[in-house]
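Contents: one structure, followed by commentary.
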Amino acid sequence: MSKFKKKKDGGLPPVNTAALPDIVFMLLFFFMVATVIKEDQLKIQNVIPFADQIEKLDKKNPVSYIYIGKPSDNYKNQFGSEARIQLNDQFADVNEVGRFVNIERSLLREELIPYLTIALKVDRESKMGIVNDVKEELRKVNALKVNYTTKKGEYTKNDR
């Protein structure tokens, strides 16, 4: 009789899953950082003009966008070829701009409301009449922080 017994082959050892939660959280963090949140689907042509003296907006302050331009090819049959206003993902009339600003303000925390900036993304071929109408509606609802979005470059390129 032997004092020591031989171990029988138990097969493969179980897979160590101790690092699995770390890997899952690392992947979750990666996708949270790398994912871009979609803003708005443009339904208008929006070729932004060039400007040589521009200033970047402060990322801390809330910004709401109003797009102005001719409807894109998919929407020309339905809305014509005149410049239109797009608020979020919908076409709108000038008289809806004030309501849009009030809704945007209601979505903000109270301390951020005075810092709300309205950014106008206007197609460079749009007429100033519709832009002036939008600015007049913004004045009516006391939205006086207005920004024109442009690309950095020589302003003479806008003629092309």
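Naming scheme: A, B, ... for chains in displayed order of the structure tokens; residues 1 onward per chain; ligands 1 onward as shown.
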Exercise: A:Ile113 partners within 12 Å, only C-alpha atoms, chain neighbours under 5 positions left out, as a ChimeraX atom specification: /A:61-64,101-108,118,142-145
Just N, CA and C atoms for this one: save the residues we selected as a PDB file, in the first residue's frame.
ATOM      1  N   ASN A  61     -21.250  77.357 -21.474  1.00  0.00           N
ATOM      2  CA  ASN A  61     -22.558  78.002 -21.612  1.00  0.00           C
ATOM      3  C   ASN A  61     -23.440  77.236 -22.599  1.00  0.00           C
ATOM      4  N   PRO A  62     -24.745  77.198 -22.347  1.00  0.00           N
ATOM      5  CA  PRO A  62     -25.650  76.479 -23.264  1.00  0.00           C
ATOM      6  C   PRO A  62     -25.843  77.251 -24.568  1.00  0.00           C
ATOM      7  N   VAL A  63     -25.939  76.500 -25.655  1.00  0.00           N
ATOM      8  CA  VAL A  63     -26.104  77.082 -26.985  1.00  0.00           C
ATOM      9  C   VAL A  63     -27.268  76.388 -27.683  1.00  0.00           C
ATOM     10  N   SER A  64     -28.151  77.173 -28.291  1.00  0.00           N
ATOM     11  CA  SER A  64     -29.237  76.639 -29.112  1.00  0.00           C
ATOM     12  C   SER A  64     -29.029  77.139 -30.538  1.00  0.00           C
ATOM     13  N   VAL A 101     -37.312  79.569 -28.374  1.00  0.00           N
ATOM     14  CA  VAL A 101     -36.381  80.083 -27.360  1.00  0.00           C
ATOM     15  C   VAL A 101     -36.944  79.851 -25.960  1.00  0.00           C
ATOM     16  N   ASN A 102     -38.230  80.083 -25.780  1.00  0.00           N
ATOM     17  CA  ASN A 102     -38.839  79.852 -24.459  1.00  0.00           C
ATOM     18  C   ASN A 102     -38.777  78.384 -24.053  1.00  0.00           C
ATOM     19  N   ILE A 103     -38.967  77.478 -25.001  1.00  0.00           N
ATOM     20  CA  ILE A 103     -38.853  76.048 -24.701  1.00  0.00           C
ATOM     21  C   ILE A 103     -37.414  75.694 -24.338  1.00  0.00           C
ATOM     22  N   GLU A 104     -36.461  76.241 -25.086  1.00  0.00           N
ATOM     23  CA  GLU A 104     -35.048  75.983 -24.780  1.00  0.00           C
ATOM     24  C   GLU A 104     -34.691  76.487 -23.381  1.00  0.00           C
ATOM     25  N   ARG A 105     -35.214  77.644 -23.012  1.00  0.00           N
ATOM     26  CA  ARG A 105     -34.963  78.181 -21.675  1.00  0.00           C
ATOM     27  C   ARG A 105     -35.578  77.296 -20.604  1.00  0.00           C
ATOM     28  N   SER A 106     -36.767  76.768 -20.864  1.00  0.00           N
ATOM     29  CA  SER A 106     -37.437  75.945 -19.857  1.00  0.00           C
ATOM     30  C   SER A 106     -36.705  74.627 -19.617  1.00  0.00           C
ATOM     31  N   LEU A 107     -35.899  74.185 -20.575  1.00  0.00           N
ATOM     32  CA  LEU A 107     -35.144  72.947 -20.419  1.00  0.00           C
ATOM     33  C   LEU A 107     -33.860  73.136 -19.618  1.00  0.00           C
ATOM     34  N   LEU A 108     -33.475  74.391 -19.379  1.00  0.00           N
ATOM     35  CA  LEU A 108     -32.225  74.683 -18.673  1.00  0.00           C
ATOM     36  C   LEU A 108     -32.455  74.846 -17.178  1.00  0.00           C
ATOM     37  N   ILE A 118     -27.941  82.049 -28.540  1.00  0.00           N
ATOM     38  CA  ILE A 118     -28.600  81.583 -29.753  1.00  0.00           C
ATOM     39  C   ILE A 118     -27.583  81.716 -30.884  1.00  0.00           C
ATOM     40  N   ASN A 142     -36.465  88.676 -25.614  1.00  0.00           N
ATOM     41  CA  ASN A 142     -35.294  89.103 -24.841  1.00  0.00           C
ATOM     42  C   ASN A 142     -34.156  88.085 -24.907  1.00  0.00           C
ATOM     43  N   ALA A 143     -33.945  87.494 -26.076  1.00  0.00           N
ATOM     44  CA  ALA A 143     -32.800  86.617 -26.316  1.00  0.00           C
ATOM     45  C   ALA A 143     -31.766  87.452 -27.070  1.00  0.00           C
ATOM     46  N   LEU A 144     -30.931  88.135 -26.306  1.00  0.00           N
ATOM     47  CA  LEU A 144     -30.035  89.128 -26.898  1.00  0.00           C
ATOM     48  C   LEU A 144     -28.614  88.617 -27.124  1.00  0.00           C
ATOM     49  N   LYS A 145     -28.298  87.437 -26.625  1.00  0.00           N
ATOM     50  CA  LYS A 145     -26.972  86.850 -26.871  1.00  0.00           C
ATOM     51  C   LYS A 145     -27.058  86.025 -28.148  1.00  0.00           C
TER      52      LYS A 145
END
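Remark: for A:Ile54, the closest of the candidate residues A:Arg124, A:Lys152, A:Arg109, A:Arg139 is A:Lys152 (distances computed over only C-alpha atoms).
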Within 12 Å of A:Lys151 using only C-alpha atoms, minus same-chain residues under 5 positions, as a compact mmCIF listing (two decimals) with N, CA and C atoms, in the first residue's frame:
# COMPACT_ATOMS: atom_id res chain seq x y z
N ASN A 46 -26.60 74.27 -45.96
CA ASN A 46 -25.99 75.14 -44.98
C ASN A 46 -24.49 75.23 -45.22
N VAL A 47 -24.12 76.07 -46.19
CA VAL A 47 -22.72 76.35 -46.45
C VAL A 47 -22.39 77.61 -45.65
N ILE A 48 -21.65 77.43 -44.58
CA ILE A 48 -21.38 78.52 -43.65
C ILE A 48 -20.32 79.44 -44.25
N PRO A 49 -20.50 80.76 -44.14
CA PRO A 49 -19.54 81.70 -44.72
C PRO A 49 -18.22 81.73 -43.95
N PHE A 50 -17.20 82.29 -44.57
CA PHE A 50 -15.89 82.45 -43.96
C PHE A 50 -15.79 83.81 -43.27
N ALA A 51 -14.98 83.87 -42.24
CA ALA A 51 -14.68 85.13 -41.55
C ALA A 51 -13.25 85.05 -41.05
N ASP A 52 -12.58 86.19 -40.99
CA ASP A 52 -11.18 86.16 -40.54
C ASP A 52 -11.01 86.54 -39.07
N GLN A 53 -11.98 87.16 -38.46
CA GLN A 53 -11.88 87.51 -37.04
C GLN A 53 -13.00 86.80 -36.29
N ILE A 54 -12.69 85.60 -35.83
CA ILE A 54 -13.71 84.81 -35.16
C ILE A 54 -13.29 84.52 -33.73
N GLU A 55 -14.26 84.13 -32.95
CA GLU A 55 -14.03 83.84 -31.54
C GLU A 55 -14.80 82.57 -31.21
N LYS A 56 -14.16 81.65 -30.50
CA LYS A 56 -14.82 80.40 -30.15
C LYS A 56 -15.78 80.60 -29.00
N LYS A 121 -26.86 79.63 -37.67
CA LYS A 121 -26.07 79.00 -38.72
C LYS A 121 -26.79 79.30 -40.03
N VAL A 122 -26.32 80.34 -40.69
CA VAL A 122 -27.00 80.87 -41.87
C VAL A 122 -26.20 80.50 -43.11
N ASP A 123 -26.88 79.95 -44.10
CA ASP A 123 -26.25 79.65 -45.38
C ASP A 123 -25.76 80.95 -46.00
N ARG A 124 -24.61 80.90 -46.62
CA ARG A 124 -24.03 82.16 -47.12
C ARG A 124 -24.80 82.74 -48.30
N LYS A 157 -13.43 84.64 -49.81
CA LYS A 157 -13.83 83.35 -50.39
C LYS A 157 -15.35 83.21 -50.45
N ASN A 158 -16.08 84.07 -49.76
CA ASN A 158 -17.54 83.97 -49.72
C ASN A 158 -18.18 84.33 -51.06
Near-A:Lys43 list (9 Å; only C-alpha atoms; drop same-chain fewer than 3 positions) as a PyMOL selection string: chain A and resi 46+70-75+86+89-91
Written file, previous selection with C-alpha atoms, as a short mmCIF file (atom, residue, chain, number, x, y, z; two decimals), in the first residue's frame:
data_model
loop_
_atom_site.label_atom_id
_atom_site.label_comp_id
_atom_site.auth_asym_id
_atom_site.auth_seq_id
_atom_site.Cartn_x
_atom_site.Cartn_y
_atom_site.Cartn_z
CA ASN A 46 -25.99 75.14 -44.98
CA LYS A 70 -32.69 76.85 -48.75
CA PRO A 71 -34.28 73.40 -48.32
CA SER A 72 -32.00 70.56 -49.41
CA ASP A 73 -32.78 68.57 -52.54
CA ASN A 74 -34.90 66.03 -50.62
CA TYR A 75 -37.27 68.76 -49.38
CA GLN A 86 -35.03 75.04 -39.19
CA ASP A 89 -35.25 68.90 -36.71
CA GLN A 90 -38.32 70.77 -38.01
CA PHE A 91 -38.96 73.56 -40.49
#
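The space between atom CA of A:Ala83 and atom CA of A:Gln45 spans 9.1 Å.
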DSSP-assigned alpha helix (DSSP H) among stretch 93-147 of chain A, expressed as a ChimeraX atom specification: /A:97-106,128-140
Restricting the output to C-alpha atoms, write the selected residues as a PDB file, in the first residue's frame.
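Result file part15.pdb:
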ATOM      1  CA  VAL A  97     -38.791  81.384 -33.066  1.00  0.00           C
ATOM      2  CA  GLY A  98     -39.932  83.018 -29.805  1.00  0.00           C
ATOM      3  CA  ARG A  99     -41.685  79.857 -28.663  1.00  0.00           C
ATOM      4  CA  PHE A 100     -38.565  77.838 -29.536  1.00  0.00           C
ATOM      5  CA  VAL A 101     -36.381  80.083 -27.360  1.00  0.00           C
ATOM      6  CA  ASN A 102     -38.839  79.852 -24.459  1.00  0.00           C
ATOM      7  CA  ILE A 103     -38.853  76.048 -24.701  1.00  0.00           C
ATOM      8  CA  GLU A 104     -35.048  75.983 -24.780  1.00  0.00           C
ATOM      9  CA  ARG A 105     -34.963  78.181 -21.675  1.00  0.00           C
ATOM     10  CA  SER A 106     -37.437  75.945 -19.857  1.00  0.00           C
ATOM     11  CA  MET A 128     -30.615  89.110 -44.882  1.00  0.00           C
ATOM     12  CA  GLY A 129     -34.380  89.734 -44.763  1.00  0.00           C
ATOM     13  CA  ILE A 130     -35.125  86.390 -43.117  1.00  0.00           C
ATOM     14  CA  VAL A 131     -32.159  86.833 -40.768  1.00  0.00           C
ATOM     15  CA  ASN A 132     -33.456  90.247 -39.698  1.00  0.00           C
ATOM     16  CA  ASP A 133     -36.914  88.758 -39.102  1.00  0.00           C
ATOM     17  CA  VAL A 134     -35.398  86.073 -36.853  1.00  0.00           C
ATOM     18  CA  LYS A 135     -33.353  88.678 -34.960  1.00  0.00           C
ATOM     19  CA  GLU A 136     -36.515  90.756 -34.436  1.00  0.00           C
ATOM     20  CA  GLU A 137     -38.310  87.716 -32.962  1.00  0.00           C
ATOM     21  CA  LEU A 138     -35.313  87.082 -30.702  1.00  0.00           C
ATOM     22  CA  ARG A 139     -35.510  90.666 -29.431  1.00  0.00           C
ATOM     23  CA  LYS A 140     -39.201  90.193 -28.592  1.00  0.00           C
TER      24      LYS A 140
END
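Taking only C-alpha atoms into account, A:Asn95 lies nearest to A:Val141 out of the set A:Ala119, A:Val36, A:Val141, A:Val24.
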Closest to A:Thr150 among A:Leu20, A:Tyr115, A:Leu120, A:Leu27, using only C-alpha atoms? A:Leu120
